[in-house]
file structure.txt (compact mmCIF, C-alpha atoms)
# COMPACT_ATOMS: atom_id res chain seq x y z
CA MET A 1 -14.68 -49.91 -41.56
CA ARG A 2 -13.07 -47.68 -38.92
CA ALA A 3 -9.29 -47.37 -39.21
CA PRO A 4 -7.28 -48.89 -36.32
CA SER A 5 -5.90 -45.47 -35.36
CA GLN A 6 -9.44 -44.15 -34.87
CA LYS A 7 -10.63 -46.89 -32.52
CA LEU A 8 -12.70 -45.64 -29.65
CA VAL A 9 -10.64 -44.90 -26.56
CA PRO A 10 -11.91 -45.36 -22.99
CA ASP A 11 -13.18 -42.38 -21.03
CA HIS A 12 -10.10 -42.39 -18.83
CA ILE A 13 -6.83 -44.07 -17.95
CA THR A 14 -5.10 -44.45 -14.59
CA ILE A 15 -1.43 -43.74 -13.92
CA SER A 16 0.76 -44.09 -10.85
CA LEU A 17 1.49 -40.79 -9.11
CA ASP A 18 3.66 -40.82 -5.99
CA GLY A 19 2.48 -44.29 -5.07
CA GLU A 20 -1.20 -43.51 -5.68
CA GLN A 21 -3.49 -43.97 -8.68
CA LEU A 22 -4.54 -40.88 -10.61
CA GLN A 23 -7.40 -40.86 -13.10
CA ILE A 24 -6.92 -38.94 -16.37
CA ARG A 25 -9.74 -38.13 -18.78
CA LEU A 26 -9.09 -38.98 -22.43
CA ARG A 27 -10.26 -36.99 -25.44
CA ARG A 28 -9.51 -37.85 -29.07
CA ASN A 29 -9.17 -34.86 -31.40
CA ALA A 30 -8.65 -35.48 -35.11
CA ARG A 31 -7.33 -31.93 -35.57
CA ALA A 32 -4.70 -32.20 -32.83
CA LYS A 33 -1.13 -32.71 -33.99
CA ARG A 34 0.32 -33.90 -30.71
CA TYR A 35 -0.55 -35.30 -27.30
CA VAL A 36 -1.57 -32.53 -24.90
CA LEU A 37 -2.01 -32.94 -21.15
CA ARG A 38 -3.88 -30.20 -19.31
CA LEU A 39 -5.20 -29.62 -15.82
CA PRO A 40 -8.33 -27.46 -16.17
CA VAL A 41 -8.57 -24.51 -13.81
CA ASN A 42 -10.17 -25.36 -10.47
CA GLU A 43 -10.29 -29.10 -11.25
CA ASN A 44 -8.26 -32.03 -10.00
CA ILE A 45 -8.82 -34.40 -12.93
CA PRO A 46 -6.37 -33.88 -15.82
CA THR A 47 -7.41 -34.20 -19.47
CA LEU A 48 -5.22 -35.82 -22.13
CA THR A 49 -5.89 -35.06 -25.81
CA ILE A 50 -4.98 -37.84 -28.24
CA PRO A 51 -4.17 -36.69 -31.81
CA ARG A 52 -5.27 -38.36 -35.03
CA GLY A 53 -3.37 -41.62 -35.39
CA GLY A 54 -2.52 -41.69 -31.68
CA THR A 55 -2.68 -44.88 -29.66
CA LEU A 56 -3.82 -45.70 -26.16
CA ALA A 57 -0.42 -47.19 -25.30
CA THR A 58 1.38 -44.01 -26.32
CA ALA A 59 -1.14 -41.92 -24.39
CA LYS A 60 -0.43 -43.90 -21.22
CA GLU A 61 3.33 -43.60 -21.72
CA PHE A 62 3.05 -39.85 -22.37
CA ALA A 63 0.92 -39.29 -19.27
CA GLN A 64 3.26 -41.30 -17.05
CA LYS A 65 6.27 -39.28 -18.25
CA GLN A 66 4.44 -36.10 -17.19
CA SER A 67 3.75 -37.37 -13.66
CA ALA A 68 6.19 -34.94 -11.98
CA TRP A 69 4.59 -31.98 -13.77
CA LEU A 70 1.12 -33.24 -12.86
CA GLN A 71 2.02 -33.61 -9.20
CA LYS A 72 3.33 -30.03 -9.07
CA LYS A 73 0.21 -28.68 -10.78
CA LEU A 74 -2.14 -30.62 -8.53
CA GLN A 75 -0.38 -29.38 -5.40
CA SER A 76 -0.82 -25.77 -6.56
CA GLN A 77 -4.54 -26.16 -7.36
CA PRO A 78 -6.89 -24.38 -4.96
CA GLU A 79 -9.11 -26.65 -2.89
CA ILE A 80 -12.64 -27.43 -4.01
CA VAL A 81 -15.37 -26.46 -1.51
CA PRO A 82 -17.85 -29.37 -1.47
CA LEU A 83 -21.52 -28.77 -0.79
CA ILE A 84 -21.62 -30.98 2.29
CA PRO A 85 -22.59 -30.41 5.94
CA ASN A 86 -20.32 -27.94 7.79
CA SER A 87 -18.90 -26.43 4.58
CA GLU A 88 -18.97 -22.65 4.42
CA VAL A 89 -20.24 -21.16 1.18
CA PRO A 90 -21.24 -17.60 0.25
CA LEU A 91 -24.77 -16.48 -0.45
CA ARG A 92 -24.99 -12.92 -1.80
CA GLY A 93 -21.41 -12.43 -0.64
CA GLN A 94 -21.94 -13.57 2.97
CA LEU A 95 -20.55 -16.88 4.20
CA HIS A 96 -23.15 -19.41 5.39
CA MET A 97 -22.46 -22.76 7.02
CA LEU A 98 -24.36 -25.70 5.54
CA LYS A 99 -26.31 -27.75 8.09
CA PRO A 100 -28.92 -30.51 7.81
CA SER A 101 -32.26 -29.16 9.06
CA GLY A 102 -33.39 -32.56 10.34
CA ALA A 103 -36.61 -32.37 8.33
CA LEU A 104 -37.36 -35.01 5.74
CA ARG A 105 -39.05 -32.54 3.39
CA GLY A 106 -39.32 -28.83 2.83
CA LYS A 107 -37.20 -26.02 1.44
CA VAL A 108 -33.69 -24.86 2.20
CA THR A 109 -33.95 -22.02 4.69
CA THR A 110 -31.59 -19.53 6.30
CA GLY A 111 -30.92 -19.35 10.01
CA LEU A 112 -28.41 -18.39 12.69
CA CYS A 113 -26.32 -20.56 15.00
CA GLU A 114 -25.71 -19.79 18.67
CA HIS A 115 -22.91 -17.38 17.72
CA ASN A 116 -25.13 -15.57 15.21
CA LYS A 117 -23.28 -17.17 12.33
CA PRO A 118 -25.47 -17.44 9.19
CA LEU A 119 -26.64 -20.95 8.30
CA LEU A 120 -28.27 -22.66 5.36
CA LEU A 121 -30.54 -25.38 6.73
CA VAL A 122 -30.97 -28.22 4.25
CA PRO A 123 -33.80 -30.79 4.55
CA GLY A 124 -33.90 -34.31 3.14
CA ASP A 125 -31.54 -37.27 3.19
CA SER A 126 -27.78 -36.90 2.94
CA ALA A 127 -27.60 -38.34 -0.59
CA ALA A 128 -29.52 -35.35 -1.95
CA PHE A 129 -27.77 -32.72 0.19
CA SER A 130 -25.54 -31.21 -2.53
CA ARG A 131 -28.30 -31.22 -5.14
CA ARG A 132 -30.72 -29.48 -2.79
CA VAL A 133 -28.19 -26.73 -2.05
CA LYS A 134 -27.54 -26.17 -5.75
CA ASP A 135 -31.26 -26.12 -6.50
CA PHE A 136 -31.68 -23.50 -3.78
CA PHE A 137 -28.90 -21.35 -5.23
CA LYS A 138 -30.42 -21.58 -8.71
CA GLN A 139 -33.85 -20.65 -7.40
CA GLU A 140 -32.45 -17.64 -5.55
CA ALA A 141 -30.40 -16.61 -8.60
CA THR A 142 -33.49 -16.80 -10.82
CA GLY A 143 -35.43 -14.51 -8.50
CA ASP A 144 -32.65 -11.93 -8.10
CA ILE A 145 -31.81 -11.86 -11.80
CA GLU A 146 -35.45 -11.59 -12.87
CA LYS A 147 -36.02 -8.68 -10.48
CA THR A 148 -32.85 -6.93 -11.71
CA ILE A 149 -33.78 -7.44 -15.37
CA HIS A 150 -37.15 -5.79 -14.78
CA TYR A 151 -35.52 -2.89 -12.94
CA TYR A 152 -33.05 -2.15 -15.73
CA GLY A 153 -35.61 -2.96 -18.42
CA ASN A 154 -37.98 -0.31 -17.07
CA LYS A 155 -35.10 2.12 -16.81
CA MET A 156 -34.01 1.66 -20.45
CA GLN A 157 -37.42 0.75 -21.91
CA CYS A 158 -36.10 -2.47 -23.39
CA MET A 159 -36.54 -6.07 -22.29
CA PRO A 160 -34.95 -9.38 -23.32
CA ARG A 161 -37.05 -12.06 -24.95
CA LYS A 162 -36.14 -14.50 -22.16
CA PHE A 163 -33.30 -15.46 -19.85
CA SER A 164 -31.83 -18.73 -18.61
CA LEU A 165 -29.28 -19.99 -16.08
CA ARG A 166 -26.14 -21.94 -16.93
CA ASP A 167 -22.91 -23.02 -15.25
CA THR A 168 -20.25 -21.80 -17.67
CA LYS A 169 -16.67 -21.09 -16.62
CA SER A 170 -15.77 -18.80 -19.51
CA ARG A 171 -18.35 -16.05 -18.93
CA TRP A 172 -20.79 -14.79 -16.32
CA GLY A 173 -23.46 -13.79 -18.79
CA SER A 174 -24.24 -13.59 -22.49
CA CYS A 175 -26.70 -11.98 -24.90
CA SER A 176 -27.72 -13.65 -28.17
CA ALA A 177 -28.65 -11.98 -31.44
CA HIS A 178 -32.26 -12.93 -30.64
CA LYS A 179 -32.09 -10.90 -27.41
CA ASP A 180 -32.00 -13.97 -25.18
CA LEU A 181 -29.88 -13.57 -22.04
CA SER A 182 -28.13 -16.27 -20.03
CA PHE A 183 -26.33 -16.02 -16.71
CA SER A 184 -24.23 -18.17 -14.42
CA TRP A 185 -26.24 -19.26 -11.40
CA ARG A 186 -23.06 -18.75 -9.37
CA LEU A 187 -23.67 -14.99 -9.43
CA ILE A 188 -25.93 -15.56 -6.42
CA LEU A 189 -22.78 -16.42 -4.45
CA ALA A 190 -21.29 -12.97 -5.12
CA PRO A 191 -22.27 -9.68 -3.46
CA PRO A 192 -25.47 -8.22 -4.98
CA PHE A 193 -23.69 -5.36 -6.77
CA VAL A 194 -21.74 -7.95 -8.78
CA LEU A 195 -24.88 -9.75 -9.98
CA GLU A 196 -26.44 -6.36 -10.76
CA TYR A 197 -23.43 -5.35 -12.87
CA VAL A 198 -23.47 -8.57 -14.91
CA VAL A 199 -27.19 -8.15 -15.59
CA ALA A 200 -26.64 -4.50 -16.56
CA HIS A 201 -23.80 -5.57 -18.87
CA GLU A 202 -25.99 -8.03 -20.75
CA MET A 203 -28.97 -5.67 -20.79
CA ALA A 204 -26.76 -3.02 -22.41
CA HIS A 205 -26.01 -5.57 -25.15
CA LEU A 206 -29.70 -5.48 -26.08
CA VAL A 207 -28.93 -2.02 -27.49
CA HIS A 208 -25.25 -2.32 -28.40
CA MET A 209 -23.99 -5.76 -29.50
CA ASN A 210 -20.39 -4.67 -28.99
CA HIS A 211 -18.14 -3.09 -26.38
CA SER A 212 -18.07 0.38 -27.89
CA ASP A 213 -17.92 3.61 -25.89
CA SER A 214 -21.71 3.86 -26.27
CA PHE A 215 -22.09 0.41 -24.76
CA TRP A 216 -19.98 1.25 -21.72
CA GLN A 217 -21.77 4.57 -21.23
CA LEU A 218 -25.10 2.70 -21.11
CA CYS A 219 -23.66 0.03 -18.79
CA HIS A 220 -22.33 2.63 -16.35
CA TRP A 221 -25.63 4.50 -16.51
CA LEU A 222 -27.52 1.36 -15.63
CA GLU A 223 -25.06 0.27 -12.93
CA PRO A 224 -22.82 3.04 -11.50
CA ASP A 225 -20.85 0.39 -9.53
CA THR A 226 -19.63 -1.24 -12.76
CA THR A 227 -15.92 -0.61 -12.15
CA ASN A 228 -15.96 -2.02 -8.61
CA ALA A 229 -17.89 -5.08 -9.77
CA GLN A 230 -15.37 -5.74 -12.53
CA LYS A 231 -12.54 -5.54 -9.99
CA TRP A 232 -14.36 -7.91 -7.64
CA LEU A 233 -14.87 -10.51 -10.38
CA LYS A 234 -11.25 -10.25 -11.47
CA MET A 235 -10.03 -10.89 -7.92
CA ASN A 236 -12.66 -13.36 -6.70
CA GLY A 237 -14.58 -14.78 -9.65
CA SER A 238 -12.52 -17.96 -9.97
CA LYS A 239 -13.24 -18.81 -6.31
CA LEU A 240 -16.94 -19.16 -7.10
CA HIS A 241 -16.13 -22.05 -9.43
CA LEU A 242 -14.45 -23.92 -6.57
CA ILE A 243 -17.84 -24.49 -4.97
CA ALA A 244 -19.07 -27.91 -6.04
call {"tool": "encode", "arguments": {"input": "structure.txt", "output": "structure tokens"}}
result
Amino acid sequence: MRAPSQKLVPDHITISLDGEQLQIRLRRNARAKRYVLRLPVNENIPTLTIPRGGTLATAKEFAQKQSAWLQKKLQSQPEIVPLIPNSEVPLRGQLHMLKPSGALRGKVTTGLCEHNKPLLLVPGDSAAFSRRVKDFFKQEATGDIEKTIHYYGNKMQCMPRKFSLRDTKSRWGSCSAHKDLSFSWRLILAPPFVLEYVVAHEMAHLVHMNHSDSFWQLCHWLEPDTTNAQKWLKMNGSKLHLIA
């Protein structure tokens, strides 16, 4: 029989914050030694970790006591850019305004408004608008990454077994011991030289599964703009995760 302290907790609780209700995600962790409240980067929903033996009542009390801290953190969070009509989002580093195309079916296409401002024209009903934009970005990312992999692969005479797209916040790409590559689809939002650098970085790992001098020599040989791309990601990478 499950011990009382290990009873399942709800997915979230709600506390009062400056006269409004704020939802907080709950996560029980048997290895945690204390209650921990965090606000993940680029998110507006806090997460509260409950330690082994912790109770829901204590979790609520702890969260409410941290309301002033939470309010300060939330006010300093950058704004999320929703994938809705009239939002401006980058595609290959260039801002495009999202607009419904008026068509019931079809593909997302690019266009220009009367002031020659780039547009992304999205077909279908409004309920599927965000999903269609994301699907378009993933499709474009797949094409650009595949083309870049083949370019570098021919250059170094080495190819990965396969590659996939993900939406991780901790890394832009990865290479497994089985020579499988994965990349963040959000690279399609960045200028092309940034995507090309990340692909070159992971392709170089096919030869050197480390960050030795030999690895960096190969990476720079594959992509001479490596240093500029690293600087761009350091300054702007987190902004790409604000697009939701």
call {"tool": "closest_residue", "arguments": {"input": "structure.txt", "among": "A:Ala177, A:Ala229, A:Ile188, A:Leu121", "to": "Pro90 (chain A)", "atoms": "only C-alpha atoms"}}
result
A:Ile188
call {"tool": "residues_near_point", "arguments": {"input": "structure.txt", "point": "(-19.8, -7.1, -24.7)", "cutoff": "8 Å", "atoms": "only C-alpha atoms", "output": "PyMOL selection string"}}
result
chain A and resi 201-202+205+209-211+215
call {"tool": "write_last_selection", "arguments": {"input": "structure.txt", "atoms": "C-alpha atoms", "output": "PDB file, in the frame of the given file"}}
result
ATOM      1  CA  HIS A 201     -23.800  -5.570 -18.870  1.00  0.00           C
ATOM      2  CA  GLU A 202     -25.990  -8.030 -20.750  1.00  0.00           C
ATOM      3  CA  HIS A 205     -26.010  -5.570 -25.150  1.00  0.00           C
ATOM      4  CA  MET A 209     -23.990  -5.760 -29.500  1.00  0.00           C
ATOM      5  CA  ASN A 210     -20.390  -4.670 -28.990  1.00  0.00           C
ATOM      6  CA  HIS A 211     -18.140  -3.090 -26.380  1.00  0.00           C
ATOM      7  CA  PHE A 215     -22.090   0.410 -24.760  1.00  0.00           C
TER       8      PHE A 215
END
call {"tool": "closest_residue", "arguments": {"input": "structure.txt", "among": "A:Lys179, A:Arg92, A:Arg171, A:Lys147", "to": "Met159 (chain A)", "atoms": "all atoms listed in the file"}}
result
A:Lys179
call {"tool": "closest_atom_pairs", "arguments": {"input": "structure.txt", "of": "region 53-96 of chain A", "to": "region 10-16 of chain A", "cutoff": "9 Å", "atoms": "all atoms listed in the file", "output": "tab-separated table"}}
result
residue	atom	partner	partner_atom	distance
A:Leu56	CA	A:Pro10	CA	8.7
A:Ala59	CA	A:Ile13	CA	8.9
A:Lys60	CA	A:Ile13	CA	7.2
A:Ala63	CA	A:Ile15	CA	7.3
A:Gln64	CA	A:Ile15	CA	6.1
A:Ser67	CA	A:Ser16	CA	7.9
call {"tool": "closest_residue", "arguments": {"input": "structure.txt", "among": "A:Tyr35, A:Trp185, A:Tyr151, A:Phe62", "to": "Lys169 (chain A)", "atoms": "all atoms listed in the file"}}
result
A:Trp185
call {"tool": "residues_around", "arguments": {"input": "structure.txt", "residues": "region 28-33 of chain A", "least_positions_apart": "4", "cutoff": "12 Å", "atoms": "only C-alpha atoms", "output": "list in words"}}
result
Ser5, Gln6, Lys7, Leu8, Val9, Pro10, Asp11, His12, Leu37, Thr47, Leu48, Thr49, Ile50, Pro51, Arg52, Gly53, Gly54, Thr55, Leu56 and Ala59 of chain A
call {"tool": "closest_residue", "arguments": {"input": "structure.txt", "among": "A:Leu26, A:Val81, A:Met203, A:Val89", "to": "Met156 (chain A)", "atoms": "all atoms listed in the file"}}
result
A:Met203
call {"tool": "residues_around", "arguments": {"input": "structure.txt", "residues": "Arg132 (chain A)", "least_positions_apart": "5", "cutoff": "9 Å", "atoms": "only C-alpha atoms", "output": "PyMOL selection string"}}
result
chain A and resi 107-108+122-124+137
call {"tool": "residues_around", "arguments": {"input": "structure.txt", "residues": "Val194 (chain A)", "least_positions_apart": "4", "cutoff": "10 Å", "atoms": "all atoms listed in the file", "output": "PyMOL selection string"}}
result
chain A and resi 92-93+187-190+198-200+223+225-233+237
call {"tool": "closest_residue", "arguments": {"input": "structure.txt", "among": "A:Leu17, A:Ile80, A:Leu119, A:Val207", "to": "Lys239 (chain A)", "atoms": "all atoms listed in the file"}}
result
A:Ile80
call {"tool": "residues_near_point", "arguments": {"input": "structure.txt", "point": "(-20.0, -31.3, -1.5)", "cutoff": "6 Å", "atoms": "only C-alpha atoms", "output": "PyMOL selection string"}}
result
chain A and resi 82-84+130+244
call {"tool": "atom_distance", "arguments": {"input": "structure.txt", "atom1": "CA of Leu120 (chain A)", "atom2": "CA of Leu98 (chain A)"}}
result
5.0 Å
call {"tool": "decode", "arguments": {"input": "structure.txt", "residues": "region 133-155 of chain A", "atoms": "N, CA and C atoms", "output": "tab-separated table (two decimals), in the first residue's frame"}}
result
chain	number	residue	atom	x	y	z
A	133	VAL	N	1.71	26.58	-38.96
A	133	VAL	CA	2.95	27.36	-39.04
A	133	VAL	C	4.13	26.51	-38.55
A	134	LYS	N	3.94	25.82	-37.43
A	134	LYS	CA	5.01	24.97	-36.91
A	134	LYS	C	5.35	23.84	-37.89
A	135	ASP	N	4.34	23.24	-38.47
A	135	ASP	CA	4.58	22.18	-39.46
A	135	ASP	C	5.39	22.72	-40.64
A	136	PHE	N	5.07	23.94	-41.05
A	136	PHE	CA	5.81	24.57	-42.15
A	136	PHE	C	7.27	24.77	-41.76
A	137	PHE	N	7.50	25.30	-40.56
A	137	PHE	CA	8.88	25.51	-40.10
A	137	PHE	C	9.66	24.20	-40.06
A	138	LYS	N	9.01	23.15	-39.57
A	138	LYS	CA	9.69	21.85	-39.47
A	138	LYS	C	10.01	21.29	-40.86
A	139	GLN	N	9.09	21.48	-41.78
A	139	GLN	CA	9.33	21.02	-43.15
A	139	GLN	C	10.49	21.76	-43.79
A	140	GLU	N	10.52	23.08	-43.60
A	140	GLU	CA	11.61	23.88	-44.15
A	140	GLU	C	12.94	23.52	-43.48
A	141	ALA	N	12.91	23.30	-42.17
A	141	ALA	CA	14.13	22.92	-41.45
A	141	ALA	C	14.66	21.59	-41.95
A	142	THR	N	13.76	20.63	-42.17
A	142	THR	CA	14.17	19.32	-42.68
A	142	THR	C	14.89	19.45	-44.01
A	143	GLY	N	14.33	20.25	-44.91
A	143	GLY	CA	14.95	20.43	-46.22
A	143	GLY	C	16.31	21.09	-46.14
A	144	ASP	N	16.42	22.17	-45.35
A	144	ASP	CA	17.69	22.89	-45.25
A	144	ASP	C	18.76	22.05	-44.57
A	145	ILE	N	18.37	21.34	-43.52
A	145	ILE	CA	19.35	20.52	-42.80
A	145	ILE	C	19.81	19.35	-43.66
A	146	GLU	N	18.87	18.71	-44.35
A	146	GLU	CA	19.25	17.58	-45.21
A	146	GLU	C	20.22	18.02	-46.31
A	147	LYS	N	19.95	19.16	-46.91
A	147	LYS	CA	20.83	19.68	-47.96
A	147	LYS	C	22.21	19.99	-47.39
A	148	THR	N	22.25	20.58	-46.18
A	148	THR	CA	23.53	20.94	-45.57
A	148	THR	C	24.31	19.70	-45.15
A	149	ILE	N	23.62	18.69	-44.65
A	149	ILE	CA	24.28	17.43	-44.28
A	149	ILE	C	24.96	16.81	-45.51
A	150	HIS	N	24.28	16.79	-46.62
A	150	HIS	CA	24.85	16.21	-47.83
A	150	HIS	C	26.05	17.02	-48.31
A	151	TYR	N	25.97	18.34	-48.18
A	151	TYR	CA	27.09	19.19	-48.60
A	151	TYR	C	28.33	18.89	-47.77
A	152	TYR	N	28.18	18.90	-46.45
A	152	TYR	CA	29.33	18.62	-45.59
A	152	TYR	C	29.76	17.16	-45.68
A	153	GLY	N	28.78	16.26	-45.83
A	153	GLY	CA	29.11	14.84	-45.94
A	153	GLY	C	29.98	14.55	-47.14
A	154	ASN	N	29.66	15.17	-48.28
A	154	ASN	CA	30.49	15.01	-49.47
A	154	ASN	C	31.87	15.62	-49.28
A	155	LYS	N	31.91	16.71	-48.54
A	155	LYS	CA	33.17	17.40	-48.30
A	155	LYS	C	34.11	16.56	-47.42
